[in-house]
$ cat protein-v1.pdb   # PDB, C-alpha atoms
ATOM      1  CA  MET E 252      -6.165   7.340  -8.512
ATOM      2  CA  SER E 253      -5.783  10.957  -7.496
ATOM      3  CA  PHE E 254      -3.255  12.288  -5.025
ATOM      4  CA  SER E 255      -6.019  13.777  -2.825
ATOM      5  CA  SER E 256      -7.894  10.480  -2.717
ATOM      6  CA  ASP E 257      -4.696   8.788  -1.588
ATOM      7  CA  LEU E 258      -4.241  11.378   1.150
ATOM      8  CA  ASP E 259      -7.790  10.886   2.349
ATOM      9  CA  GLN E 260      -7.356   7.130   2.530
ATOM     10  CA  ILE E 261      -3.949   7.431   4.156
ATOM     11  CA  SER E 262      -5.354   9.607   6.950
ATOM     12  CA  ARG E 263      -8.315   7.265   7.445
ATOM     13  CA  ALA E 264      -6.028   4.209   7.443
ATOM     14  CA  ALA E 265      -3.758   5.938   9.971
ATOM     15  CA  ALA E 266      -6.836   6.503  12.168
ATOM     16  CA  GLY E 267      -7.421   2.771  12.204
ATOM     17  CA  GLU E 268     -10.062   2.446   9.518
ATOM     18  CA  ARG E 269      -9.561  -1.026   8.116
ATOM     19  CA  GLY E 270     -11.574  -0.282   4.982
ATOM     20  CA  ALA E 271      -9.162   2.478   3.988
ATOM     21  CA  ALA E 272      -6.162   0.245   4.673
ATOM     22  CA  SER E 273      -7.728  -2.506   2.563
ATOM     23  CA  ALA E 274      -8.301  -0.065  -0.282
ATOM     24  CA  LEU E 275      -4.650   1.011  -0.240
ATOM     25  CA  VAL E 276      -3.523  -2.619  -0.222
ATOM     26  CA  ALA E 277      -5.892  -3.519  -3.058
ATOM     27  CA  ARG E 278      -4.655  -0.585  -5.136
ATOM     28  CA  TYR E 279      -0.924  -0.865  -4.640
ATOM     29  CA  SER E 280      -0.019  -4.411  -3.614
ATOM     30  CA  PRO E 281      -0.288  -5.912  -7.145
ATOM     31  CA  GLY E 282       2.234  -3.415  -8.537
ATOM     32  CA  ILE E 283       4.594  -3.831  -5.609
ATOM     33  CA  LEU E 284       4.367  -7.620  -5.781
ATOM     34  CA  SER E 285       4.968  -7.568  -9.529
ATOM     35  CA  VAL E 286       8.042  -5.333  -9.307
ATOM     36  CA  ALA E 287       9.486  -7.476  -6.514
ATOM     37  CA  MET E 288       8.759 -10.694  -8.365
ATOM     38  CA  ARG E 289      10.380  -9.511 -11.598
ATOM     39  CA  MET E 290      13.429  -8.296  -9.751
ATOM     40  CA  LEU E 291      13.876 -11.246  -7.419
ATOM     41  CA  GLY E 292      12.557 -13.999  -9.661
ATOM     42  CA  SER E 293      10.832 -15.626  -6.698
ATOM     43  CA  ARG E 294       7.173 -15.403  -5.696
ATOM     44  CA  GLU E 295       7.901 -16.261  -2.086
ATOM     45  CA  GLU E 296      10.534 -13.574  -1.685
ATOM     46  CA  ALA E 297       8.372 -11.084  -3.567
ATOM     47  CA  GLU E 298       5.511 -11.715  -1.117
ATOM     48  CA  ASP E 299       7.875 -11.125   1.805
ATOM     49  CA  VAL E 300       9.010  -7.851   0.250
ATOM     50  CA  THR E 301       5.416  -6.774  -0.403
ATOM     51  CA  GLN E 302       4.410  -7.507   3.170
ATOM     52  CA  GLU E 303       7.457  -5.750   4.593
ATOM     53  CA  THR E 304       6.825  -2.735   2.352
ATOM     54  CA  PHE E 305       3.301  -2.321   3.712
ATOM     55  CA  LEU E 306       4.404  -2.939   7.291
ATOM     56  CA  ARG E 307       6.795  -0.027   6.896
ATOM     57  CA  ALA E 308       4.017   2.005   5.352
ATOM     58  CA  TRP E 309       1.694   1.299   8.288
ATOM     59  CA  LYS E 310       4.421   2.438  10.700
ATOM     60  CA  ALA E 311       4.963   5.611   8.698
ATOM     61  CA  LEU E 312       1.271   6.470   8.279
ATOM     62  CA  PRO E 313       0.690   8.372  11.544
ATOM     63  CA  ASP E 314       3.497  10.803  10.655
ATOM     64  CA  TRP E 315       2.931  10.697   6.909
ATOM     65  CA  GLU E 316       3.872  13.904   5.127
ATOM     66  CA  PRO E 317       3.027  14.011   1.442
ATOM     67  CA  LYS E 318       6.508  14.891   0.180
ATOM     68  CA  ALA E 319       6.095  12.263  -2.534
ATOM     69  CA  LYS E 320       3.147  10.324  -3.894
ATOM     70  CA  PHE E 321       2.271   7.375  -1.695
ATOM     71  CA  SER E 322       2.778   4.980  -4.625
ATOM     72  CA  THR E 323       6.227   6.449  -5.347
ATOM     73  CA  TRP E 324       7.195   6.048  -1.703
ATOM     74  CA  LEU E 325       5.913   2.449  -1.586
ATOM     75  CA  HIS E 326       7.799   1.498  -4.746
ATOM     76  CA  ARG E 327      10.962   3.118  -3.394
ATOM     77  CA  VAL E 328      10.739   1.089  -0.191
ATOM     78  CA  ALA E 329      10.055  -2.087  -2.163
ATOM     79  CA  LEU E 330      12.998  -1.452  -4.504
ATOM     80  CA  ASN E 331      15.354  -0.899  -1.584
ATOM     81  CA  LEU E 332      14.172  -4.127   0.031
ATOM     82  CA  CYS E 333      14.786  -5.918  -3.285
ATOM     83  CA  TYR E 334      18.265  -4.399  -3.583
ATOM     84  CA  ASP E 335      19.054  -5.607  -0.046
ATOM     85  CA  ARG E 336      17.948  -9.123  -0.844
ATOM     86  CA  LEU E 337      19.849  -9.210  -4.134
ATOM     87  CA  ARG E 338      23.020  -8.018  -2.406
ATOM     88  CA  LYS E 339      22.681 -10.613   0.329
ATOM     89  CA  ARG E 340      22.014 -13.261  -2.269
ATOM     90  CA  ARG E 341      25.100 -12.196  -4.205
ATOM     91  CA  GLU E 342      27.253 -12.270  -1.069
ATOM     92  CA  LEU E 343      26.043 -15.775  -0.306
ATOM     93  CA  THR E 344      26.536 -17.144  -3.795
ATOM     94  CA  MET E 345      29.550 -15.196  -4.982
ATOM     95  CA  ASP E 346      31.883 -18.145  -4.557
ATOM     96  CA  THR E 347      29.575 -20.824  -5.803
ATOM     97  CA  LEU E 348      27.699 -19.349  -8.755
ATOM     98  CA  PRO E 349      28.838 -17.665 -11.940
ATOM     99  CA  GLU E 350      28.309 -13.906 -12.122
ATOM    100  CA  GLN E 351      25.434 -14.206 -14.568
ATOM    101  CA  VAL E 352      22.572 -16.408 -13.384
ATOM    102  CA  ASP E 353      22.005 -19.279 -15.727
ATOM    103  CA  THR E 354      18.570 -18.931 -17.241
ATOM    104  CA  ALA E 355      18.328 -22.741 -17.377
ATOM    105  CA  LEU E 356      16.724 -22.522 -20.780
ATOM    106  CA  ARG E 357      18.715 -21.139 -23.635
ATOM    107  CA  PRO E 358      16.416 -18.798 -25.545
ATOM    108  CA  ASP E 359      16.788 -20.785 -28.752
ATOM    109  CA  GLN E 360      15.547 -23.858 -26.865
ATOM    110  CA  ALA E 361      12.545 -22.169 -25.370
ATOM    111  CA  LEU E 362       9.764 -23.348 -27.619
ATOM    112  CA  ALA E 363       6.707 -23.208 -25.432
ATOM    113  CA  GLN E 364       5.355 -19.895 -24.244
ATOM    114  CA  LYS E 365       5.774 -20.920 -20.630
ATOM    115  CA  GLN E 366       9.431 -21.661 -21.208
ATOM    116  CA  ARG E 367       9.897 -18.358 -23.022
ATOM    117  CA  VAL E 368       8.262 -16.501 -20.173
ATOM    118  CA  ARG E 369      10.489 -18.243 -17.657
ATOM    119  CA  ALA E 370      13.541 -17.418 -19.735
ATOM    120  CA  VAL E 371      12.550 -13.742 -19.918
ATOM    121  CA  GLU E 372      11.819 -13.597 -16.177
ATOM    122  CA  ALA E 373      15.148 -15.228 -15.374
ATOM    123  CA  ALA E 374      17.035 -12.921 -17.726
ATOM    124  CA  ILE E 375      15.430  -9.823 -16.178
ATOM    125  CA  ALA E 376      16.137 -11.054 -12.651
ATOM    126  CA  ALA E 377      19.758 -11.664 -13.654
ATOM    127  CA  LEU E 378      20.295  -8.065 -14.806
ATOM    128  CA  PRO E 379      22.277  -5.685 -12.597
ATOM    129  CA  GLU E 380      19.798  -4.475  -9.972
ATOM    130  CA  ARG E 381      19.335  -0.907 -11.168
ATOM    131  CA  GLN E 382      18.956  -1.948 -14.799
ATOM    132  CA  SER E 383      16.423  -4.522 -13.723
ATOM    133  CA  ALA E 384      14.519  -1.954 -11.651
ATOM    134  CA  ALA E 385      14.418   0.578 -14.488
ATOM    135  CA  LEU E 386      13.235  -2.012 -16.989
ATOM    136  CA  VAL E 387      10.583  -3.480 -14.702
ATOM    137  CA  LEU E 388       9.175  -0.070 -13.774
ATOM    138  CA  CYS E 389       9.056   1.344 -17.312
ATOM    139  CA  ALA E 390       8.789  -1.516 -19.780
ATOM    140  CA  ILE E 391       6.760  -3.976 -17.713
ATOM    141  CA  GLU E 392       4.821  -2.014 -15.107
ATOM    142  CA  GLY E 393       4.208   0.925 -17.442
ATOM    143  CA  HIS E 394       5.365   3.739 -15.169
ATOM    144  CA  SER E 395       6.206   6.976 -16.922
ATOM    145  CA  GLN E 396       9.835   8.050 -17.157
ATOM    146  CA  LYS E 397       9.167  10.741 -14.567
ATOM    147  CA  GLU E 398       7.554   8.318 -12.093
ATOM    148  CA  ALA E 399      10.257   5.678 -12.536
ATOM    149  CA  ALA E 400      13.006   8.268 -12.125
ATOM    150  CA  GLU E 401      11.351   9.571  -8.943
ATOM    151  CA  ILE E 402      11.006   6.068  -7.532
ATOM    152  CA  MET E 403      14.647   5.322  -8.259
ATOM    153  CA  GLU E 404      15.714   8.806  -7.137
ATOM    154  CA  ILE E 405      17.685   9.431 -10.301
ATOM    155  CA  GLY E 406      17.381  11.797 -13.262
ATOM    156  CA  GLU E 407      15.427  10.888 -16.373
ATOM    157  CA  ARG E 408      18.602  10.758 -18.477
ATOM    158  CA  ALA E 409      20.165   8.312 -16.026
ATOM    159  CA  LEU E 410      17.007   6.226 -16.207
ATOM    160  CA  GLU E 411      17.194   6.211 -19.983
ATOM    161  CA  SER E 412      20.795   5.054 -19.837
ATOM    162  CA  LEU E 413      19.861   2.183 -17.490
ATOM    163  CA  LEU E 414      17.015   1.152 -19.782
ATOM    164  CA  ALA E 415      19.247   1.125 -22.847
ATOM    165  CA  ARG E 416      21.880  -0.941 -21.047
ATOM    166  CA  ALA E 417      19.239  -3.367 -19.768
ATOM    167  CA  ARG E 418      17.869  -3.902 -23.256
ATOM    168  CA  ARG E 419      21.333  -4.320 -24.705
ATOM    169  CA  THR E 420      22.172  -6.918 -22.054
ATOM    170  CA  LEU E 421      18.970  -8.827 -22.777
ATOM    171  CA  ARG E 422      19.683  -8.745 -26.505
ATOM    172  CA  GLU E 423      23.163 -10.052 -25.842
ATOM    173  CA  THR E 424      21.796 -12.937 -23.789
ATOM    174  CA  GLY E 425      19.838 -13.955 -26.845
ATOM    175  CA  LEU E 426      16.346 -12.856 -25.845
ATOM    176  CA  ALA E 427      15.970 -10.672 -28.925
ATOM    177  CA  GLY E 428      16.584 -13.686 -31.125
ATOM    178  CA  MET E 429      13.989 -15.858 -29.451
ATOM    179  CA  ASP E 430      11.851 -17.943 -31.734
ATOM    180  CA  LYS E 431       8.147 -17.494 -30.995
ATOM    181  CA  SER E 432       7.170 -20.846 -32.456
TER     182      SER E 432
ATOM    183  CA  MET F 236       7.034  20.509 -33.963
ATOM    184  CA  ASP F 237      10.462  20.235 -32.313
ATOM    185  CA  GLN F 238      13.297  18.904 -34.434
ATOM    186  CA  ILE F 239      14.934  15.621 -33.485
ATOM    187  CA  THR F 240      18.033  13.946 -34.865
ATOM    188  CA  LYS F 241      18.123  10.393 -36.189
ATOM    189  CA  ALA F 242      20.766   9.597 -33.585
ATOM    190  CA  ARG F 243      18.347  10.678 -30.860
ATOM    191  CA  VAL F 244      15.594   8.507 -32.318
ATOM    192  CA  LEU F 245      17.965   5.538 -32.212
ATOM    193  CA  GLU F 246      18.704   6.322 -28.557
ATOM    194  CA  LEU F 247      15.001   6.427 -27.788
ATOM    195  CA  ILE F 248      14.377   3.084 -29.481
ATOM    196  CA  ALA F 249      17.339   1.556 -27.649
ATOM    197  CA  ALA F 250      15.953   2.705 -24.295
ATOM    198  CA  TYR F 251      12.169   2.514 -24.680
ATOM    199  CA  GLY F 252      11.610  -0.025 -27.436
ATOM    200  CA  ALA F 253       9.720   0.126 -30.702
ATOM    201  CA  ASP F 254       6.486   1.646 -29.394
ATOM    202  CA  VAL F 255       6.635   5.409 -29.854
ATOM    203  CA  ASN F 256       4.019   5.778 -27.101
ATOM    204  CA  ALA F 257       6.631   4.589 -24.617
ATOM    205  CA  PHE F 258       8.957   7.466 -25.537
ATOM    206  CA  PRO F 259       9.065  10.557 -23.319
ATOM    207  CA  GLU F 260       5.987  12.613 -24.113
ATOM    208  CA  GLU F 261       7.851  15.721 -25.210
ATOM    209  CA  GLU F 262       9.810  13.801 -27.878
ATOM    210  CA  ARG F 263       7.081  11.440 -29.028
ATOM    211  CA  ALA F 264       5.633  13.417 -31.920
ATOM    212  CA  ALA F 265       8.995  14.489 -33.319
ATOM    213  CA  ALA F 266      10.375  10.948 -33.124
ATOM    214  CA  ALA F 267       7.299   9.484 -34.840
ATOM    215  CA  ALA F 268       7.597  12.056 -37.625
ATOM    216  CA  CYS F 269      11.295  11.317 -38.041
ATOM    217  CA  ILE F 270      10.668   7.568 -38.310
ATOM    218  CA  GLU F 271       7.907   8.143 -40.845
ATOM    219  CA  ALA F 272      10.064  10.491 -42.890
ATOM    220  CA  ALA F 273      12.833   7.914 -43.273
ATOM    221  CA  PRO F 274      11.193   4.706 -44.505
ATOM    222  CA  GLY F 275      13.377   1.660 -44.044
ATOM    223  CA  GLU F 276      16.038   3.485 -42.105
ATOM    224  CA  PHE F 277      14.911   2.335 -38.653
ATOM    225  CA  ASP F 278      13.410  -1.006 -39.672
ATOM    226  CA  ASP F 279      16.171  -3.223 -38.291
ATOM    227  CA  VAL F 280      16.413  -1.572 -34.895
ATOM    228  CA  LEU F 281      12.637  -1.383 -34.620
ATOM    229  CA  ALA F 282      12.298  -5.094 -35.456
ATOM    230  CA  GLU F 283      14.895  -6.009 -32.861
ATOM    231  CA  ALA F 284      13.215  -3.837 -30.251
ATOM    232  CA  ARG F 285       9.805  -5.346 -31.059
ATOM    233  CA  VAL F 286      11.015  -8.828 -30.143
ATOM    234  CA  LEU F 287      11.937  -7.654 -26.664
ATOM    235  CA  ASP F 288       8.696  -5.643 -26.354
ATOM    236  CA  ALA F 289       6.731  -8.787 -27.257
ATOM    237  CA  ALA F 290       8.673 -10.829 -24.700
ATOM    238  CA  PHE F 291       7.816  -8.297 -21.992
ATOM    239  CA  GLY F 292       4.207  -8.277 -23.132
ATOM    240  CA  GLU F 293       3.975 -12.036 -22.664
ATOM    241  CA  LEU F 294       4.831 -11.869 -18.996
ATOM    242  CA  PRO F 295       1.740 -12.818 -17.004
ATOM    243  CA  GLY F 296       0.178 -10.372 -14.562
ATOM    244  CA  VAL F 297       0.853 -10.892 -10.907
ATOM    245  CA  SER F 298      -1.781 -10.540  -8.221
ATOM    246  CA  PRO F 299      -1.447 -11.021  -4.489
ATOM    247  CA  GLY F 300      -3.320 -13.915  -2.929
ATOM    248  CA  GLU F 301      -5.971 -13.476  -0.256
ATOM    249  CA  ALA F 302      -3.626 -14.778   2.439
ATOM    250  CA  LEU F 303      -1.018 -12.113   1.683
ATOM    251  CA  VAL F 304      -3.619  -9.336   1.536
ATOM    252  CA  GLY F 305      -5.127 -10.608   4.811
ATOM    253  CA  ARG F 306      -1.766 -10.562   6.572
ATOM    254  CA  ILE F 307      -1.024  -7.036   5.371
ATOM    255  CA  VAL F 308      -4.430  -5.620   6.307
ATOM    256  CA  ALA F 309      -4.336  -7.355   9.708
ATOM    257  CA  ALA F 310      -1.105  -5.498  10.456
ATOM    258  CA  ALA F 311      -2.609  -2.114   9.557
ATOM    259  CA  PRO F 312      -2.627   0.489  12.325
ATOM    260  CA  ALA F 313      -5.436   0.353  14.856
ATOM    261  CA  GLY F 314      -5.017   4.082  15.573
ATOM    262  CA  ARG F 315      -7.839   6.005  17.211
ATOM    263  CA  ALA F 316     -10.322   3.226  16.602
ATOM    264  CA  GLU F 317      -8.322   1.121  19.075
ATOM    265  CA  ALA F 318      -8.203   3.966  21.599
ATOM    266  CA  LYS F 319     -11.983   4.232  21.547
ATOM    267  CA  ARG F 320     -12.415   0.672  22.780
ATOM    268  CA  PRO F 321     -12.472   1.340  26.583
ATOM    269  CA  LEU F 322     -15.215   3.894  26.060
ATOM    270  CA  ARG F 323     -17.013   1.447  23.813
ATOM    271  CA  ALA F 324     -16.765  -1.216  26.565
ATOM    272  CA  LEU F 325     -18.361   1.154  29.067
ATOM    273  CA  TRP F 326     -21.056   2.030  26.585
ATOM    274  CA  GLN F 327     -21.692  -1.666  26.115
ATOM    275  CA  VAL F 328     -22.753  -1.894  29.769
ATOM    276  CA  PHE F 329     -25.515   0.640  29.192
ATOM    277  CA  LEU F 330     -26.387  -0.252  25.656
ATOM    278  CA  PRO F 331     -25.610  -3.967  25.247
ATOM    279  CA  ASP F 332     -25.343  -4.723  21.542
ATOM    280  CA  GLY F 333     -26.761  -1.328  20.773
ATOM    281  CA  GLN F 334     -30.086  -2.080  22.502
ATOM    282  CA  ARG F 335     -31.540   0.929  24.263
ATOM    283  CA  TRP F 336     -34.287  -0.767  26.300
ATOM    284  CA  PRO F 337     -32.135  -2.031  29.243
ATOM    285  CA  PHE F 338     -30.731   1.454  29.735
ATOM    286  CA  ALA F 339     -34.186   3.039  29.418
ATOM    287  CA  ALA F 340     -35.686   0.495  31.846
ATOM    288  CA  GLY F 341     -32.962   1.195  34.405
ATOM    289  CA  LEU F 342     -33.491   4.932  34.088
ATOM    290  CA  ALA F 343     -37.282   4.553  34.466
ATOM    291  CA  SER F 344     -36.830   2.411  37.623
ATOM    292  CA  LEU F 345     -34.596   5.069  39.117
ATOM    293  CA  ALA F 346     -37.137   7.799  38.365
ATOM    294  CA  ILE F 347     -40.053   5.791  39.836
ATOM    295  CA  GLY F 348     -38.015   5.003  42.960
ATOM    296  CA  ALA F 349     -37.124   8.672  43.446
ATOM    297  CA  VAL F 350     -40.748   9.802  43.120
ATOM    298  CA  MET F 351     -42.044   7.145  45.518
ATOM    299  CA  GLY F 352     -39.325   7.882  48.067
ATOM    300  CA  PHE F 353     -40.093  11.587  47.953
ATOM    301  CA  ASN F 354     -43.820  10.967  48.485
ATOM    302  CA  LEU F 355     -43.298   8.620  51.446
ATOM    303  CA  ALA F 356     -40.918  11.066  53.131
ATOM    304  CA  ALA F 357     -43.350  13.914  52.682
ATOM    305  CA  ASN F 358     -46.176  11.876  54.327
ATOM    306  CA  GLU F 359     -44.093  11.042  57.432
ATOM    307  CA  LEU F 360     -44.214  14.584  58.903
ATOM    308  CA  PRO F 361     -47.063  16.945  59.648
ATOM    309  CA  SER F 362     -47.594  19.356  56.853
ATOM    310  CA  GLY F 363     -45.639  22.553  57.176
ATOM    311  CA  GLU F 364     -43.086  21.021  59.533
ATOM    312  CA  SER F 365     -39.848  19.549  58.516
ATOM    313  CA  TYR F 366     -38.058  16.542  60.003
ATOM    314  CA  ASP F 367     -35.641  18.908  61.770
ATOM    315  CA  ASP F 368     -38.568  20.698  63.467
ATOM    316  CA  GLY F 369     -39.876  17.344  64.755
ATOM    317  CA  VAL F 370     -36.535  16.475  66.304
ATOM    318  CA  ILE F 371     -36.427  19.853  68.104
ATOM    319  CA  TYR F 372     -40.018  19.501  69.452
ATOM    320  CA  ALA F 373     -39.271  15.991  70.725
ATOM    321  CA  ALA F 374     -36.082  17.186  72.427
ATOM    322  CA  LEU F 375     -38.093  19.924  74.192
ATOM    323  CA  GLY F 376     -40.638  17.322  75.351
ATOM    324  CA  LEU F 377     -43.435  18.968  73.402
ATOM    325  CA  ILE F 378     -44.189  15.858  71.387
ATOM    326  CA  ASP F 379     -43.714  12.125  71.817
ATOM    327  CA  PRO F 380     -40.895  11.007  69.565
ATOM    328  CA  LEU F 381     -42.715   7.655  69.194
ATOM    329  CA  GLY F 382     -45.843   9.384  67.949
ATOM    330  CA  ASN F 383     -47.986   8.673  71.102
ATOM    331  CA  GLU F 384     -49.884  11.976  71.063
ATOM    332  CA  GLU F 385     -52.158  11.043  73.992
ATOM    333  CA  ALA F 386     -49.265  11.190  76.452
ATOM    334  CA  TYR F 387     -48.722  14.843  75.595
ATOM    335  CA  PRO F 388     -51.312  17.533  75.937
TER     336      PRO F 388
END
$ encode --input "protein-v1.pdb" --output "structure tokens"
Amino acid sequence: MSFSSDLDQISRAAAGERGAASALVARYSPGILSVAMRMLGSREEAEDVTQETFLRAWKALPDWEPKAKFSTWLHRVALNLCYDRLRKRRELTMDTLPEQVDTALRPDQALAQKQRVRAVEAAIAALPERQSAALVLCAIEGHSQKEAAEIMEIGERALESLLARARRTLRETGLAGMDKS
Amino acid sequence: MDQITKARVLELIAAYGADVNAFPEEERAAAAACIEAAPGEFDDVLAEARVLDAAFGELPGVSPGEALVGRIVAAAPAGRAEAKRPLRALWQVFLPDGQRWPFAAGLASLAIGAVMGFNLAANELPSGESYDDGVIYAALGLIDPLGNEEAYP
């Protein structure tokens, strides 16, 4: 979707046109929900983050200035909300849980596809937050390096470093040795 | 084509996986050429990266449910559309449900009433004399204010 089309719909949504607001939600909510779900590992929390992201967008619409693409801005808000939740979660569980979240299923035990998927989702959600964000944006959601770096407000080299560390961590947890049978 | 080192290709695979299309655009062609020019040299790292790529590829798509979308859209700004409502309410009085006939009928009644009233008023006084003239003549005793012309010569 083009930048100008976004601007047109943003101004119409800000003027109270429900159709334009619906179009923005239809276009961007799946990506936001997906990023939040991969990072948080919880559908319920991801829905809360998605809703909160759009509520903030609606508040910002009347004064919207296109300094960044609307999608970049939305993803940035969603990521920050995810970071907040992950930090709160960590503070709450620091004393009771081990540093690395147990994936419940050891990769070598994950025989069924569903179990493999759950193991991968859990392993991604257990990554350090910025590694997880970089991986989700680039490797899963298919954002370009430039877009992902803009969303995360970092340089492309820093993004690359996060991606490499995320992959290395996943390999070390055994995901790279998973049996697809 | 730009030159690229094998070490850089290894870095790219470590960060972006085995699919060259996921590499940064400006390094894609050079990296692909480097991999092709060194058969077997990148096989192990590429195989390892492919397993992770496949695992990511298996993750199911996520789509928001209708309830979530409904909640988000319901919270969207009302903006100027909301501000127009008082005017719309007033308009509704004249054009209920967009129907023009009640408004037109009211307007026609007003016009008919005005015409009839004007005609009746004009017939009340002798032609050429206004109501004010009549009051003055009556005050001077030149005419009977009750219209009894026989009492006055």
$ interface_residues --input "protein-v1.pdb" --of "chain F" --to "chain E" --cutoff "10 Å" --atoms "only C-alpha atoms" --output "PyMOL selection string"
chain F and resi 246-252+257-260+282-300+303-318
$ write_last_selection --input "protein-v1.pdb" --atoms "C-alpha atoms" --output "PDB file, in the frame of the given file"
ATOM      1  CA  GLU F 246      18.704   6.322 -28.557  1.00  0.00           C
ATOM      2  CA  LEU F 247      15.001   6.427 -27.788  1.00  0.00           C
ATOM      3  CA  ILE F 248      14.377   3.084 -29.481  1.00  0.00           C
ATOM      4  CA  ALA F 249      17.339   1.556 -27.649  1.00  0.00           C
ATOM      5  CA  ALA F 250      15.953   2.705 -24.295  1.00  0.00           C
ATOM      6  CA  TYR F 251      12.169   2.514 -24.680  1.00  0.00           C
ATOM      7  CA  GLY F 252      11.610  -0.025 -27.436  1.00  0.00           C
ATOM      8  CA  ALA F 257       6.631   4.589 -24.617  1.00  0.00           C
ATOM      9  CA  PHE F 258       8.957   7.466 -25.537  1.00  0.00           C
ATOM     10  CA  PRO F 259       9.065  10.557 -23.319  1.00  0.00           C
ATOM     11  CA  GLU F 260       5.987  12.613 -24.113  1.00  0.00           C
ATOM     12  CA  ALA F 282      12.298  -5.094 -35.456  1.00  0.00           C
ATOM     13  CA  GLU F 283      14.895  -6.009 -32.861  1.00  0.00           C
ATOM     14  CA  ALA F 284      13.215  -3.837 -30.251  1.00  0.00           C
ATOM     15  CA  ARG F 285       9.805  -5.346 -31.059  1.00  0.00           C
ATOM     16  CA  VAL F 286      11.015  -8.828 -30.143  1.00  0.00           C
ATOM     17  CA  LEU F 287      11.937  -7.654 -26.664  1.00  0.00           C
ATOM     18  CA  ASP F 288       8.696  -5.643 -26.354  1.00  0.00           C
ATOM     19  CA  ALA F 289       6.731  -8.787 -27.257  1.00  0.00           C
ATOM     20  CA  ALA F 290       8.673 -10.829 -24.700  1.00  0.00           C
ATOM     21  CA  PHE F 291       7.816  -8.297 -21.992  1.00  0.00           C
ATOM     22  CA  GLY F 292       4.207  -8.277 -23.132  1.00  0.00           C
ATOM     23  CA  GLU F 293       3.975 -12.036 -22.664  1.00  0.00           C
ATOM     24  CA  LEU F 294       4.831 -11.869 -18.996  1.00  0.00           C
ATOM     25  CA  PRO F 295       1.740 -12.818 -17.004  1.00  0.00           C
ATOM     26  CA  GLY F 296       0.178 -10.372 -14.562  1.00  0.00           C
ATOM     27  CA  VAL F 297       0.853 -10.892 -10.907  1.00  0.00           C
ATOM     28  CA  SER F 298      -1.781 -10.540  -8.221  1.00  0.00           C
ATOM     29  CA  PRO F 299      -1.447 -11.021  -4.489  1.00  0.00           C
ATOM     30  CA  GLY F 300      -3.320 -13.915  -2.929  1.00  0.00           C
ATOM     31  CA  LEU F 303      -1.018 -12.113   1.683  1.00  0.00           C
ATOM     32  CA  VAL F 304      -3.619  -9.336   1.536  1.00  0.00           C
ATOM     33  CA  GLY F 305      -5.127 -10.608   4.811  1.00  0.00           C
ATOM     34  CA  ARG F 306      -1.766 -10.562   6.572  1.00  0.00           C
ATOM     35  CA  ILE F 307      -1.024  -7.036   5.371  1.00  0.00           C
ATOM     36  CA  VAL F 308      -4.430  -5.620   6.307  1.00  0.00           C
ATOM     37  CA  ALA F 309      -4.336  -7.355   9.708  1.00  0.00           C
ATOM     38  CA  ALA F 310      -1.105  -5.498  10.456  1.00  0.00           C
ATOM     39  CA  ALA F 311      -2.609  -2.114   9.557  1.00  0.00           C
ATOM     40  CA  PRO F 312      -2.627   0.489  12.325  1.00  0.00           C
ATOM     41  CA  ALA F 313      -5.436   0.353  14.856  1.00  0.00           C
ATOM     42  CA  GLY F 314      -5.017   4.082  15.573  1.00  0.00           C
ATOM     43  CA  ARG F 315      -7.839   6.005  17.211  1.00  0.00           C
ATOM     44  CA  ALA F 316     -10.322   3.226  16.602  1.00  0.00           C
ATOM     45  CA  GLU F 317      -8.322   1.121  19.075  1.00  0.00           C
ATOM     46  CA  ALA F 318      -8.203   3.966  21.599  1.00  0.00           C
TER      47      ALA F 318
END
$ atom_distance --input "protein-v1.pdb" --atom1 "atom CA of Trp324 of chain E" --atom2 "atom CA of Asn256 of chain F"
25.6 Å
$ atom_distance --input "protein-v1.pdb" --atom1 "atom CA of Ala287 of chain E" --atom2 "atom CA of Thr420 of chain E"
20.1 Å
$ residues_around --input "protein-v1.pdb" --residues "Leu245 of chain F" --least-positions-apart "5" --cutoff "10 Å" --atoms "all atoms listed in the file" --output "PDB file with C-alpha atoms, keeping the file's coordinate frame"
ATOM      1  CA  THR F 240      18.033  13.946 -34.865  1.00  0.00           C
ATOM      2  CA  ALA F 250      15.953   2.705 -24.295  1.00  0.00           C
ATOM      3  CA  TYR F 251      12.169   2.514 -24.680  1.00  0.00           C
ATOM      4  CA  GLY F 252      11.610  -0.025 -27.436  1.00  0.00           C
ATOM      5  CA  ALA F 253       9.720   0.126 -30.702  1.00  0.00           C
ATOM      6  CA  ALA F 266      10.375  10.948 -33.124  1.00  0.00           C
ATOM      7  CA  ILE F 270      10.668   7.568 -38.310  1.00  0.00           C
ATOM      8  CA  PHE F 277      14.911   2.335 -38.653  1.00  0.00           C
ATOM      9  CA  VAL F 280      16.413  -1.572 -34.895  1.00  0.00           C
ATOM     10  CA  LEU F 281      12.637  -1.383 -34.620  1.00  0.00           C
TER      11      LEU F 281
END
$ atom_distance --input "protein-v1.pdb" --atom1 "atom CA of Phe321 of chain E" --atom2 "atom CA of Glu261 of chain F"
25.6 Å
$ axis_aligned_box --input "protein-v1.pdb" --around "segment 277-290 of chain F" --padding-each-side "3 Å" --output "AutoDock Vina command-line options"
--center_x 11.6 --center_y -4.2 --center_z -32.2 --size_x 15.7 --size_y 19.2 --size_z 21.0
$ resolve_selection --input "protein-v1.pdb" --expression "the PyMOL selection byres ((chain E and resi 330) around 9)" --output "PyMOL selection string"
chain E and resi 283+286-287+290+300+325-329+331-335+384+402-403
